[in-house]
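Before any comments, here is the structure.
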Number of protein chains: 2
Amino acid sequence: MIDITDRVCNKALRDRIVTAEEAAEFITPGMNVGTSGFTPSGYPKAVPLALAERMKKTPFKINLWTGASVGPELDGALAQVNGIGFRMPYQTNKDIRNSINRGDIDYCDLHLSESAQLARYGYMHGNKIDVAIIEACFIDEQGHIFPTTSMGNSASYVKTADVVIVEVNTTQPVELCGMHDVFVPEDPPYRQPLGVVAPDTRIGKPYIECPLSKIKYIVPCDIPDHTRPLGAIDDDAKAMSKHFVEFLKQEVAEGRMPKNLLPLQSGVGNVANAVISGLKDSDFEHMTVYTEVIQDGMFDLFDAGKLDFASGTSLSPSPEGQKRFYSNLDAYVPKLLLRPEEISNSPEVARRIGVIAMNTAIECDIYGNVNSTRINGSRLMNGIGGSGDFARGGALSVFFSVSTAKDGALSSIVPMVSHVDHIPQDVDVICTEQGLADLRGLSAKQRALEIIDKCVHPDYKPLLLDYFKRAVAATKNADTPHILEEALSWHVRAMKTGSMKK
Amino acid sequence: MIDITDRVCNKALRDRIVTAEEAAEFITPGMNVGTSGFTPSGYPKAVPLALAERMKKTPFKINLWTGASVGPELDGALAQVNGIGFRMPYQTNKDIRNSINRGDIDYCDLHLSESAQLARYGYMHGNKIDVAIIEACFIDEQGHIFPTTSMGNSASYVKTADVVIVEVNTTQPVELCGMHDVFVPEDPPYRQPLGVVAPDTRIGKPYIECPLSKIKYIVPCDIPDHTRPLGAIDDDAKAMSKHFVEFLKQEVAEGRMPKNLLPLQSGVGNVANAVISGLKDSDFEHMTVYTEVIQDGMFDLFDAGKLDFASGTSLSPSPEGQKRFYSNLDAYVPKLLLRPEEISNSPEVARRIGVIAMNTAIECDIYGNVNSTRINGSRLMNGIGGSGDFARGGALSVFFSVSTAKDGALSSIVPMVSHVDHIPQDVDVICTEQGLADLRGLSAKQRALEIIDKCVHPDYKPLLLDYFKRAVAATKNADTPHILEEALSWHVRAMKTGSMKK
């Protein structure tokens, strides 16, 4: 067993150090298990792997509550042995997704900002978490738990759990201590204002507090976060980034945005990278970030001297980014803060500080509704995640999507989306590689014309304009004209023929 | 002209008293006109009527920004002369609605909590309000403006307008002074936490501040608020109220809700009245209200000693309720507070204090999506109003709907809603006269079974179950099974045959 005595300073807790297998024995069928982790960062690894091994011999299921998506040692390993009965609040793992889409897992897709409070309120399966499994890099003499590369829902799960298991991960540097701001709000009617007024505001403590009596096991772990490589920035992403940076310049020029912009929130992936990269090459300075996930691009912005501070709930770099971060902790840690996702994604804070919310769409419709989660209205991709928290709360909400998919066989702008995650009230701007539609202050029909004009691929423009005009005629110019027989026909056609084109 | 000198104490302003006709002359084509008013309460009456008269002779259009719906002297009179080019953020007037649904008015349907800030941010048509027309009951020696029966967006419109016209309404008692808590938040990045921690928290001043130089005209008015009679509480509404009050009792019994409940928010109308009436007859005591619109039912709760305090942005009683209120000002005013709708509907406050959000649906689907606004996806009824502010922010969000409409020819629960205002993440409970579906913590398919079991009318249960089962089969048990060819076929059938039944 790895020696973690220098990472566990509390003497009583040292006596509770056991193997992952021993700790996993505590978990029994049907338990509600709450874990740390948000993106493949800071999630427990050794105990879930041991649990999956146990489930291989004796199949059973648990209910798994995490921060968001987690790494393969947790979601993947347990899904592969069909060990998850219920899962919340978000996922991106292929095995989990397939299990959900064949009915093996009951998935509850939640606004991430709400997941901890719904657990505390007793609104989720039963009233409590049976056991919380939390990754830490250090436990001090008082038994305070110092988190690692994500905060997620750890603090609330520890607070509400009957029993806590801590995985002390020796691959996580102790220099992470101090990078967290742990705060669990009281529940109504006793909740007070969250004091965050800027990305660097601290309102809590750098550690998770837990009665020592609740900590049953400490488990050593030396498996690193399963970071994922970044995709290259393609021409479409570059084009979107260019449109959006131009738009931001215009907003500043017209006095609707401060010179250093408002705090940036960005989703995960290629487009987010492209936009951050576009901002790096822009004239904007003293920018700040208030987001979920801090990624490589933010390090680029720091190094370019453009970014003053970044607040998130997870640090999720690529393998190269991880090396860069670990070898420059002194430079990066003081400019970073990881908060519980209840705070990082708080609509209260997002609206107060006025984030620029940048998220991606699977498809949009001509009236500005956005589908972020379900293919053909049915098959789950990932989940709504934090997009709803930021899109509704933010000062400016933009959704990005390449205008076509499958080599042009599908249009990302359709007459009616097959599933709605975001309503037009929460979508200020839609941006594709074709252009940017500014929807603020427009009526539904004005939005349709703006989206068709600016965002739609030329192959689909005449088709959408034709639908729109016929819908206007059929409804005698109603507020939001639709021909319901036809509204979803593009999806139906694509399911049958592989293409949305006539 | 009515003498209002005792209502206008500032001497400089007394010199600016003019007739409504004279003030209306100031308004020119294409102006952005921001008014007071929320429901048929506290809106300007004399100037709009004079403006409509002018438009009859010389047709032109203005852009009308209000608090929400307003009375017929404003929305109705201007729509009848085709005098509105653009309208935000909400309406309920038949003439306006018809104009919107035939393309005569561009309507921007907004979350009410956002409407003032979007105006301040310069996100709406052009950057500013040309003229604000505000109803007041009193102007003190310093020129402070005391609002009447609603707050709406008055304070923000006064702040951003170039020119202000005040209608001093002599039918509004001066005893209303003190019932308001006027606070306009700073905009990002300078916004601070809203200090409201309970329905009775005050964070502002009892009057609207405005530089005297901006106040161009003071106009006397003696037209009372155009209050509307309440409908009788029918058996369906009683049944819904009974289901929901039982549910609340259970929540208290299981420790998920304090004994005096959390602050109540309720929409407007028959169902809201029934629920409030049901609460009056319950054992709950020391309740509080944090809502948009304070209605007759709240007076009943006060009189029954069940309600401690009610905060809203509008006081919108029936004609009988108005008499009751005006003749008992001493008793009611100290227990009431009217706030700007940015505060009454603040998602920040709604989540902090944890409101019980009670709103109505036009239709729901089997997965818990709610359509509150558009018939057959196209024709606007009213608008999203505050339902999105409260449903997402609240601690508990319930949507009410009678299970059928048009004498049973339409089911209010359908395979897929034809328009989405509220996504399942924001819908905890659906309640019809048939029963109550508790959707918290359920997967999409579990939600479908719960809704079909509890809420659907027996005539439609087999049809919906059949759709659901075939959708499960067709999608191989996907997360949210739909058959897109059929999902909207109930609406199509009803449009063709008048009935959703096969």
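If you're wondering about the labels, chains in the structure tokens are A, B, ... by order shown, residues count from 1 in each chain, ligands from 1 in order shown.
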
For this session: For chain A, report every residue with an atom at most 6 Å from chain B (counting only C-alpha atoms), formatted as a VMD selection string.
Result: chain A and resid 100 to 103 106 to 108 110 123 to 125 188 to 189 191 348 352 to 354 378 to 380 425 440 to 443 477 to 482

Just the selected residues (N, CA, C and O atoms), exported as a tab-separated table (two decimals), in the first residue's frame, please.
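File part.tsv, as written:
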```
chain	number	residue	atom	x	y	z
A	100	ILE	N	-27.80	4.45	-20.41
A	100	ILE	CA	-28.99	5.31	-20.24
A	100	ILE	C	-29.91	5.15	-21.44
A	100	ILE	O	-31.13	5.01	-21.28
A	101	ASN	N	-29.33	5.11	-22.63
A	101	ASN	CA	-30.14	5.07	-23.85
A	101	ASN	C	-30.64	3.67	-24.22
A	101	ASN	O	-31.23	3.48	-25.28
A	102	ARG	N	-30.37	2.69	-23.37
A	102	ARG	CA	-31.06	1.41	-23.54
A	102	ARG	C	-31.85	1.05	-22.29
A	102	ARG	O	-32.30	-0.08	-22.14
A	103	GLY	N	-32.00	2.03	-21.40
A	103	GLY	CA	-32.89	1.83	-20.26
A	103	GLY	C	-32.28	1.11	-19.07
A	103	GLY	O	-32.99	0.73	-18.14
A	106	ASP	N	-31.44	4.80	-14.84
A	106	ASP	CA	-32.37	5.94	-14.73
A	106	ASP	C	-31.54	7.18	-14.52
A	106	ASP	O	-30.85	7.31	-13.49
A	107	TYR	N	-31.61	8.08	-15.48
A	107	TYR	CA	-30.75	9.27	-15.45
A	107	TYR	C	-31.58	10.50	-15.15
A	107	TYR	O	-32.60	10.74	-15.81
A	108	CYS	N	-31.16	11.27	-14.19
A	108	CYS	CA	-31.86	12.51	-13.85
A	108	CYS	C	-30.96	13.67	-14.22
A	108	CYS	O	-29.92	13.90	-13.61
A	110	LEU	N	-29.96	17.31	-14.50
A	110	LEU	CA	-30.26	18.46	-13.63
A	110	LEU	C	-29.42	19.69	-13.99
A	110	LEU	O	-28.30	19.55	-14.48
A	123	TYR	N	-34.89	15.96	-2.17
A	123	TYR	CA	-35.73	15.83	-3.36
A	123	TYR	C	-35.30	14.66	-4.25
A	123	TYR	O	-36.02	14.29	-5.17
A	124	MET	N	-34.08	14.14	-4.03
A	124	MET	CA	-33.61	13.05	-4.88
A	124	MET	C	-33.90	11.72	-4.17
A	124	MET	O	-33.95	11.66	-2.95
A	125	HIS	N	-34.03	10.67	-4.96
A	125	HIS	CA	-34.23	9.30	-4.44
A	125	HIS	C	-33.99	9.16	-2.94
A	125	HIS	O	-32.83	9.03	-2.51
A	188	PRO	N	-33.21	27.37	2.43
A	188	PRO	CA	-34.32	28.26	2.78
A	188	PRO	C	-35.11	27.69	3.97
A	188	PRO	O	-35.23	26.47	4.06
A	189	PRO	N	-35.63	28.51	4.85
A	189	PRO	CA	-35.70	29.98	4.78
A	189	PRO	C	-34.51	30.68	5.43
A	189	PRO	O	-34.62	31.86	5.73
A	191	ARG	N	-31.31	30.88	4.15
A	191	ARG	CA	-30.19	31.21	3.27
A	191	ARG	C	-29.96	32.72	3.23
A	191	ARG	O	-30.90	33.50	3.25
A	348	GLU	N	-27.57	33.28	-9.26
A	348	GLU	CA	-27.49	34.53	-8.50
A	348	GLU	C	-26.21	35.29	-8.85
A	348	GLU	O	-26.23	36.48	-9.18
A	352	ARG	N	-25.53	38.63	-11.20
A	352	ARG	CA	-24.94	39.79	-10.52
A	352	ARG	C	-23.69	40.28	-11.23
A	352	ARG	O	-23.57	41.46	-11.54
A	353	ILE	N	-22.75	39.35	-11.47
A	353	ILE	CA	-21.49	39.80	-12.08
A	353	ILE	C	-21.64	39.89	-13.59
A	353	ILE	O	-20.81	40.47	-14.27
A	354	GLY	N	-22.72	39.29	-14.13
A	354	GLY	CA	-23.03	39.47	-15.55
A	354	GLY	C	-22.13	38.70	-16.49
A	354	GLY	O	-21.50	39.30	-17.38
A	378	SER	N	-34.81	12.28	-28.57
A	378	SER	CA	-34.89	11.02	-27.82
A	378	SER	C	-33.59	10.59	-27.15
A	378	SER	O	-33.56	10.29	-25.96
A	379	ARG	N	-32.54	10.55	-27.94
A	379	ARG	CA	-31.30	9.93	-27.48
A	379	ARG	C	-30.44	10.97	-26.77
A	379	ARG	O	-30.03	11.97	-27.34
A	380	LEU	N	-30.16	10.70	-25.49
A	380	LEU	CA	-29.36	11.62	-24.68
A	380	LEU	C	-27.91	11.66	-25.16
A	380	LEU	O	-27.30	10.61	-25.39
A	425	GLN	N	-35.88	33.34	-24.73
A	425	GLN	CA	-35.61	34.37	-23.71
A	425	GLN	C	-34.19	34.24	-23.16
A	425	GLN	O	-33.66	35.19	-22.57
A	440	ARG	N	-31.38	40.00	-29.69
A	440	ARG	CA	-31.88	40.79	-28.56
A	440	ARG	C	-32.96	41.78	-29.00
A	440	ARG	O	-32.78	42.52	-29.96
A	441	GLY	N	-34.06	41.75	-28.28
A	441	GLY	CA	-35.12	42.71	-28.53
A	441	GLY	C	-35.96	42.44	-29.76
A	441	GLY	O	-36.77	43.28	-30.15
A	442	LEU	N	-35.79	41.27	-30.37
A	442	LEU	CA	-36.55	40.96	-31.58
A	442	LEU	C	-37.81	40.15	-31.27
A	442	LEU	O	-37.86	39.40	-30.30
A	443	SER	N	-38.80	40.28	-32.12
A	443	SER	CA	-39.97	39.40	-32.06
A	443	SER	C	-39.58	38.06	-32.66
A	443	SER	O	-38.52	37.91	-33.28
A	477	ASN	N	-49.95	34.88	-40.03
A	477	ASN	CA	-48.99	35.78	-39.41
A	477	ASN	C	-49.02	35.73	-37.87
A	477	ASN	O	-48.84	36.75	-37.19
A	478	ALA	N	-49.23	34.54	-37.31
A	478	ALA	CA	-49.25	34.40	-35.84
A	478	ALA	C	-47.90	34.78	-35.26
A	478	ALA	O	-46.91	34.93	-35.98
A	479	ASP	N	-47.87	34.92	-33.94
A	479	ASP	CA	-46.65	35.37	-33.26
A	479	ASP	C	-45.44	34.51	-33.62
A	479	ASP	O	-44.36	35.01	-33.90
A	480	THR	N	-45.62	33.19	-33.58
A	480	THR	CA	-44.51	32.25	-33.79
A	480	THR	C	-44.98	31.19	-34.79
A	480	THR	O	-45.36	30.08	-34.40
A	481	PRO	N	-44.96	31.51	-36.07
A	481	PRO	CA	-45.64	30.64	-37.03
A	481	PRO	C	-44.99	29.27	-37.18
A	481	PRO	O	-43.77	29.17	-37.36
A	482	HIS	N	-45.80	28.24	-37.10
A	482	HIS	CA	-45.34	26.87	-37.33
A	482	HIS	C	-46.41	26.10	-38.11
A	482	HIS	O	-47.60	26.34	-37.95
```

For this session: Taking the chain letters and numbering used in this document, name the residues of range 175-405 of chain A that DSSP puts in helix (DSSP H, G or I), as number ranges by chain.
Result: A: 175-176, 212-214, 235-253, 270-280, 296-303, 319-326, 329-335, 341-344, 347-353, 387-393

For this session: May I ask for the distance between CA of Thr360 in chain B and CA of Ser401 in chain B, given in Å to one decimal place?
Result: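 CA of Ser401 in chain B lies at a distance of 5.9 Å from CA of Thr360 in chain B.
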
For this session: Write out as a count of residues only each polymer residue whose atoms come within 9 Å of Tyr326 in chain A, counting only C-alpha atoms; drop sequence neighbours fewer than 5 positions from it.
Result: 3

Exercise. Nearest to Ala24 in chain A: which of A:Val81, A:Asn63, A:Val131, A:Leu301 is it, counting only C-alpha atoms?
Worked result: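 Nearest candidate to Ala24 in chain A out of A:Val81, A:Asn63, A:Val131, A:Leu301: A:Val131.
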
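Closest approach to Ala237 in chain B among B:Ile129, B:Ile276, B:Cys210, B:Val414 is made by B:Ile276 (distances from only C-alpha atoms).
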
For this session: Tell me which of A:Ile451, A:Val8, A:Ile17, A:Ile133 sits closest to Val219 in chain A, counting only C-alpha atoms.
Result: A:Ile17

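Every protein, DNA or RNA residue with an atom at most 7 Å from Ser499 in chain A, where only C-alpha atoms count and chain neighbours fewer than 2 positions away do not, is listed here: Ala409, Leu410, Arg493, Ala494, Thr497 and Lys501 of chain A.
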
Output the selection as a tab-separated table (two decimals), in the first residue's frame - N, CA, C and O atoms for each residue.
```tsv
chain	number	residue	atom	x	y	z
A	409	ALA	N	-25.16	16.82	-44.51
A	409	ALA	CA	-26.44	16.12	-44.64
A	409	ALA	C	-27.46	16.61	-43.62
A	409	ALA	O	-28.67	16.46	-43.83
A	410	LEU	N	-26.98	17.19	-42.53
A	410	LEU	CA	-27.88	17.72	-41.51
A	410	LEU	C	-27.65	19.21	-41.36
A	410	LEU	O	-26.50	19.67	-41.35
A	493	ARG	N	-37.08	12.99	-41.98
A	493	ARG	CA	-36.44	12.71	-43.25
A	493	ARG	C	-35.00	12.22	-43.04
A	493	ARG	O	-34.56	11.24	-43.66
A	494	ALA	N	-34.29	12.89	-42.16
A	494	ALA	CA	-32.89	12.50	-41.92
A	494	ALA	C	-32.80	11.11	-41.31
A	494	ALA	O	-31.89	10.34	-41.62
A	497	THR	N	-33.59	8.91	-44.48
A	497	THR	CA	-32.74	8.96	-45.68
A	497	THR	C	-31.29	9.33	-45.36
A	497	THR	O	-30.45	9.30	-46.25
A	501	LYS	N	-31.93	17.20	-46.57
A	501	LYS	CA	-32.25	17.84	-47.85
A	501	LYS	C	-33.42	17.11	-48.50
A	501	LYS	O	-33.57	15.90	-48.34
```

Problem set entry | Non-local contacts of Val427 in chain B (7 Å; only C-alpha atoms; under 5 positions in same chain excluded) as a PyMOL selection string | chain B and resi 368+391+397-398

Backbone-only DSSP, strand (DSSP E or B) members of range 207-351 of chain A, as a compact mmCIF listing (two decimals) with N, CA and C atoms, in the first residue's frame:
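Wrote part38.txt, looks like this:
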```
# COMPACT_ATOMS: atom_id res chain seq x y z
N ILE A 208 -12.77 21.23 3.21
CA ILE A 208 -14.09 20.70 3.57
C ILE A 208 -14.05 20.28 5.03
N ILE A 215 -15.98 10.07 9.20
CA ILE A 215 -14.97 9.57 8.24
C ILE A 215 -14.63 8.13 8.61
N LYS A 216 -15.10 7.20 7.80
CA LYS A 216 -14.93 5.79 8.13
C LYS A 216 -13.59 5.26 7.62
N TYR A 217 -13.26 5.57 6.39
CA TYR A 217 -12.03 5.04 5.81
C TYR A 217 -11.26 6.13 5.09
N ILE A 218 -9.96 5.97 5.12
CA ILE A 218 -9.06 6.76 4.26
C ILE A 218 -8.39 5.74 3.34
N VAL A 219 -8.42 6.03 2.05
CA VAL A 219 -7.89 5.07 1.08
C VAL A 219 -6.79 5.74 0.25
N PRO A 220 -5.62 5.14 0.19
CA PRO A 220 -4.57 5.71 -0.67
C PRO A 220 -4.87 5.44 -2.15
N CYS A 221 -4.47 6.36 -2.99
CA CYS A 221 -4.69 6.20 -4.43
C CYS A 221 -3.55 6.89 -5.17
N LEU A 264 -15.98 35.81 -18.27
CA LEU A 264 -16.27 34.84 -19.32
C LEU A 264 -16.66 33.49 -18.72
N GLN A 265 -17.74 32.92 -19.25
CA GLN A 265 -18.05 31.51 -18.96
C GLN A 265 -17.98 30.80 -20.29
N SER A 266 -17.34 29.66 -20.34
CA SER A 266 -17.35 28.94 -21.60
C SER A 266 -17.52 27.46 -21.36
N MET A 287 -8.97 40.55 -18.61
CA MET A 287 -10.19 39.75 -18.60
C MET A 287 -10.24 38.88 -17.35
N THR A 288 -11.46 38.42 -17.03
CA THR A 288 -11.64 37.47 -15.93
C THR A 288 -12.54 36.34 -16.41
N VAL A 289 -12.47 35.23 -15.70
CA VAL A 289 -13.26 34.05 -16.04
C VAL A 289 -14.07 33.64 -14.83
N TYR A 290 -15.37 33.41 -15.05
CA TYR A 290 -16.22 32.83 -13.99
C TYR A 290 -16.99 31.70 -14.67
N VAL A 293 -15.46 25.04 -15.86
CA VAL A 293 -14.27 24.24 -16.13
C VAL A 293 -13.15 25.13 -16.66
N ILE A 294 -12.03 25.08 -15.97
CA ILE A 294 -10.84 25.84 -16.39
C ILE A 294 -9.99 24.93 -17.26
N LEU A 307 -5.34 37.66 -18.92
CA LEU A 307 -6.35 37.18 -17.97
C LEU A 307 -5.87 37.46 -16.55
N ASP A 308 -6.74 38.11 -15.75
CA ASP A 308 -6.35 38.42 -14.38
C ASP A 308 -6.69 37.31 -13.40
N PHE A 309 -7.82 36.64 -13.62
CA PHE A 309 -8.25 35.66 -12.62
C PHE A 309 -9.26 34.71 -13.24
N ALA A 310 -9.23 33.45 -12.79
CA ALA A 310 -10.20 32.47 -13.27
C ALA A 310 -10.80 31.69 -12.10
N SER A 311 -12.13 31.71 -12.03
CA SER A 311 -12.87 30.95 -11.02
C SER A 311 -13.66 29.86 -11.72
N GLY A 312 -13.64 28.66 -11.15
CA GLY A 312 -14.40 27.55 -11.72
C GLY A 312 -14.73 26.56 -10.63
N SER A 314 -13.81 23.21 -11.57
CA SER A 314 -12.98 22.10 -12.01
C SER A 314 -11.84 22.62 -12.86
N LEU A 315 -10.71 21.95 -12.71
CA LEU A 315 -9.53 22.26 -13.50
C LEU A 315 -9.32 21.06 -14.39
N LEU A 336 -6.18 31.22 -9.49
CA LEU A 336 -7.28 30.27 -9.71
C LEU A 336 -8.07 30.06 -8.42
N LEU A 337 -9.35 29.76 -8.58
CA LEU A 337 -10.19 29.44 -7.44
C LEU A 337 -11.18 28.37 -7.89
N LEU A 338 -11.25 27.28 -7.12
CA LEU A 338 -12.28 26.27 -7.40
C LEU A 338 -13.34 26.35 -6.31
```

For this session: Considering only C-alpha atoms, return as a ChimeraX atom specification whatever protein or nucleic-acid residues lie within 9 Å of Asp453 in chain A, sequence-local ones (same chain, fewer than 6 positions apart) excluded.
Result: /A:435,437,461

Write out, as a PDB file, in the first residue's frame, the residues just selected, with C-alpha atoms.
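What landed in again-v9.pdb:
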```
ATOM      1  CA  GLY A 435     -22.214  34.373 -39.161  1.00  0.00           C
ATOM      2  CA  ALA A 437     -27.400  36.480 -35.298  1.00  0.00           C
ATOM      3  CA  LYS A 461     -31.352  28.846 -46.521  1.00  0.00           C
TER       4      LYS A 461
END
```

Exercise. Near Phe400 in chain B, within 6 Å and counting only C-alpha atoms, which residues show up once chain neighbours fewer than 6 positions away are dropped, as a PyMOL selection string?
Worked result: chain B and resi 360-361+431-432
